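Asker: Here it is, the structure, as structure tokens.
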Amino acid sequence: MQYSVVGFPRIGAQRELKFTVEKYFRNEINTDELLQTTAKLRAKQWKLQQTAGVAFIPSNDFSLYDGMLDTSFMLNAIPQRYLDLNLDDTAAYFAMARGYQGHHGDVKATAMKKWFNTNYHYMVPELDDTTDILLRSDHFLDGFHQAQSLGINTKPVIIGPFTFLKLASFTGHKNIADYVDSIKTAYNNILKSCATNKVDWLQIDEPYLVMDLTANDIALFTDMYQFILEKKGTVKVLLQTYFGDVRDCCRQLYNLQFDGIGLDFLEGKETTRLTTNFPDDKILFAGLINGKNIWRCNYNSILSQLKNLKAHCHKIILSTSCSLLHVPYTVTNEPQLAPEITRCFSFAYEKLEELREICRLTELPDYQNDPAYQQNCQLFQSTELRIDKTVQEKVAALTNNDFTRAMPRKKRQALQRKILNLPLLPTTTIGSFPQTKAVKQNRSQYRHGVINETQYRSTAKHFIKDCIKFQEEIGLDVLVHGEFERDDMVEFFGENLKGYVFTTNAWVQSYGTRGLKPPIIFGDIKREKSITTDYIKYAASLTDKDVKGMLTGPVTILNWSFPREDISTREMMYQIGLAIREEVLELEQAGIRIIQIDEAALREKLPLRHADWHSDYLDFAIKAFRLCHAKVKPTTQIHTHMCYSEFEDIIPEIDAMDADVITFEASRSKLTILTALQNNHFETEVGPGVYDIHSPRVPSVTEIEAAIHLMLQKIPQENLWINPDCGLKTRGKTETAASLKNLVQAAKNVRTQLTEGDKNL
């Protein structure tokens, strides 16, 4: 049996891509040097997969920033404002990704959203009435040609037209139907180009097929591919899906002229059932190796599944369930972890070995006697997980009272306004401030034993003091301590909770050059010591203004960790919720009157099919958040924050979190969430975010004022907060200072306008 990989990580085992691209941003290297380095990284990864025996090695899965952005460029879907900058292609590409502010002009970045149910962010294609979709270039074959020159045959990977259009933003009068003919022609030309260049297999990713599809969606998908595949010639086409099953369009998919179909058996509830009538003329690329989690797979389970599949499918290729983009590179980068721990893990490199071993075992008549099989069985017959019965008992003892605040929100809000005495349109930030070289050096020296904990904490408090002073000087109303003691909002809490395992180099790409090191849940979760109170109390002692306590919520901590697979998501969320509740109550006891519990990733793990939303997720995710704050006093104001996602369809559930204030990361999506908030009579006070922090450009006072006025059309003025749209740790100090000064001035200007308007009534 042969095996395939849907896609591979691309940031580099030591984050080489990140550092190279950031050098380009700083003008330390030119475009040629950037492309030379990325070519070396690609070659290294292809050779690795070739050595591992992968029969279907992907190319064009490597990207300088984002695969969807690559597709927009390939299809000429470049908004005119970026063309008007008159930049070269690479600079224009990054202008779309990050925005641009310089000699050539001033433009914002395109919108960014979460990629289905993952923590990866994609750049949303933007189609206006002047967009002329066509195959702009053959750059999608650059990797294919480079690999070919190395003696490696690859399957180019592209995002399909159906997914591209379904995820696109239409900014003019045209709708999806107006672009169908041109995109069909473009993809037809892609296949022609593949044939001309002697490509054996082309992988077309259509993850949107696992969503809830209407009859019109299915008709659109069918119409597109009937045309596109009509002249595919000698090129074999693999239609790849992931993150779910294709129950809505299975029949149409099977009837189209694809040569292979990739199905996800990990997240696809119905996938096994759907393969009972798999067509004889197609190859099943069976996604049985989990591409999103880091635990060793169970050989016996997968071999049994393969045996059952062979009864219905004539030709099977073993595959990952999705791209390995979502897991780290290799366990060998973690020598500090004990062998009894690492033997449980499988990162990208190790998954290649699992693929090879399982395929080898399928060829053996008595694989049960094979040492590799027996070793894998032994792994699953015992557990290294750290179990804590007291934690399990606390979760089992939870009642409705643990999830419900005593006073209704409207009464709390009136009480909090009186006690906190904040001005109209209060200004604040989300939490983190720029992680400067000095901040990172302090953390690095502590981790490497150069300084002790006392020295580390003293230096961190020096940064906090400067941060508080700056915020007071520019006139922010509610302050933060800056989060200089933490690198990552989830990893930091994981390091301070029992039940976690931490890595040193297990980086996973979140977007562009941004990477995360998700902690690994390796047992029951428990808080054994104070985590943030000392830092927050110190910050509060430096000012007469309120300083927010800054915590990460249980849903986000879990969603941005690699979870266990032996207990339910609900159980893990409640365990973390209990731990965070202890920290919340300690902060309150220390006199902190505003506590922010970030749930940046609430929307991220929402099931892709609507029927599963509540039973499989929201029913307990919302309760897990409420568990954290249900026991605080009515006068304690609870904030939360949510990152790039499509929130419009869960606004009532977000309101049901029973927070007092929520900030959204909505500026890149042109604040479209405002209408949804208004239509749902959103009760929580809200700060939608007046500027995009993921771009280095500095918004003007006028620009921020315009955003505030837009918000006031949909949100009552007494409910509106003024803030950036996310934390500031990835930004530079200079741009941050300029942006925040403009934010404060814009809020003051609008506040004055509103006050004068009231006087004139």
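Just remember, in the structure tokens the first chain shown is A, the second B, etc., residues are 1-based per chain, and ligands are 1-based in the order shown.
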Neighbouring residues of Met96 of chain A were defined as those with any atom within 12 Å, considering only C-alpha atoms; residues of the same chain fewer than 4 positions away were excluded. Please report them as number ranges by chain.
Answerer: A: 65-66, 68-70, 72-73, 77-83, 85, 87, 89-92, 100-101, 106-112, 122-126, 512, 668, 694-695
Asker: Work out how far apart atom CA of Leu585 of chain A and atom CA of Gly553 of chain A are and give it in Å to one decimal.
Answerer: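 Spanning atom CA of Leu585 of chain A to atom CA of Gly553 of chain A is a straight-line distance of 13.9 Å.
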Asker: Would you mind listing what lies within 10 Å of Leu134 of chain A as a ChimeraX atom specification, with only C-alpha atoms counted and same-chain residues fewer than 6 positions away left out?
Answerer: /A:73-77,182-187,189-190
Asker: Filtering to N, CA and C atoms, could you give me those residues as an mmCIF file, in the first residue's frame?
Answerer:
```cif
data_model
loop_
_atom_site.group_PDB
_atom_site.id
_atom_site.type_symbol
_atom_site.label_atom_id
_atom_site.label_comp_id
_atom_site.auth_asym_id
_atom_site.auth_seq_id
_atom_site.Cartn_x
_atom_site.Cartn_y
_atom_site.Cartn_z
ATOM 1 N N PHE A 73 -3.728 35.642 -5.650
ATOM 2 C CA PHE A 73 -2.754 36.147 -6.613
ATOM 3 C C PHE A 73 -2.780 35.318 -7.889
ATOM 4 N N MET A 74 -2.846 34.011 -7.746
ATOM 5 C CA MET A 74 -2.872 33.124 -8.910
ATOM 6 C C MET A 74 -4.060 33.436 -9.809
ATOM 7 N N LEU A 75 -5.198 33.780 -9.200
ATOM 8 C CA LEU A 75 -6.438 34.008 -9.947
ATOM 9 C C LEU A 75 -6.674 35.479 -10.280
ATOM 10 N N ASN A 76 -5.661 36.315 -10.054
ATOM 11 C CA ASN A 76 -5.770 37.740 -10.394
ATOM 12 C C ASN A 76 -6.806 38.465 -9.538
ATOM 13 N N ALA A 77 -7.123 37.925 -8.381
ATOM 14 C CA ALA A 77 -8.098 38.561 -7.478
ATOM 15 C C ALA A 77 -7.355 39.513 -6.553
ATOM 16 N N SER A 182 -15.832 32.694 -15.218
ATOM 17 C CA SER A 182 -14.408 33.049 -15.318
ATOM 18 C C SER A 182 -13.540 32.131 -14.466
ATOM 19 N N ILE A 183 -14.038 31.720 -13.295
ATOM 20 C CA ILE A 183 -13.211 30.850 -12.462
ATOM 21 C C ILE A 183 -13.164 29.436 -13.048
ATOM 22 N N LYS A 184 -14.230 28.994 -13.700
ATOM 23 C CA LYS A 184 -14.191 27.685 -14.370
ATOM 24 C C LYS A 184 -13.130 27.690 -15.471
ATOM 25 N N THR A 185 -13.083 28.773 -16.227
ATOM 26 C CA THR A 185 -12.084 28.882 -17.296
ATOM 27 C C THR A 185 -10.678 28.906 -16.712
ATOM 28 N N ALA A 186 -10.507 29.631 -15.605
ATOM 29 C CA ALA A 186 -9.188 29.716 -14.971
ATOM 30 C C ALA A 186 -8.706 28.338 -14.539
ATOM 31 N N TYR A 187 -9.588 27.554 -13.905
ATOM 32 C CA TYR A 187 -9.179 26.222 -13.438
ATOM 33 C C TYR A 187 -9.014 25.248 -14.595
ATOM 34 N N ASN A 189 -7.740 26.171 -17.354
ATOM 35 C CA ASN A 189 -6.399 26.532 -17.822
ATOM 36 C C ASN A 189 -5.315 26.009 -16.877
ATOM 37 N N ILE A 190 -5.642 25.910 -15.589
ATOM 38 C CA ILE A 190 -4.699 25.305 -14.642
ATOM 39 C C ILE A 190 -4.418 23.862 -15.039
#
```
Asker: Skip Asp487 of chain A itself and residues of its chain fewer than 2 positions away, then list as a list in words all residues within 9 Å of it, counting only C-alpha atoms.
Answerer: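 That gives Gln435, Lys440, Arg443, Glu483, Phe484, Glu485, Met489, Val490, Glu491, Phe492 and Lys729 of chain A.
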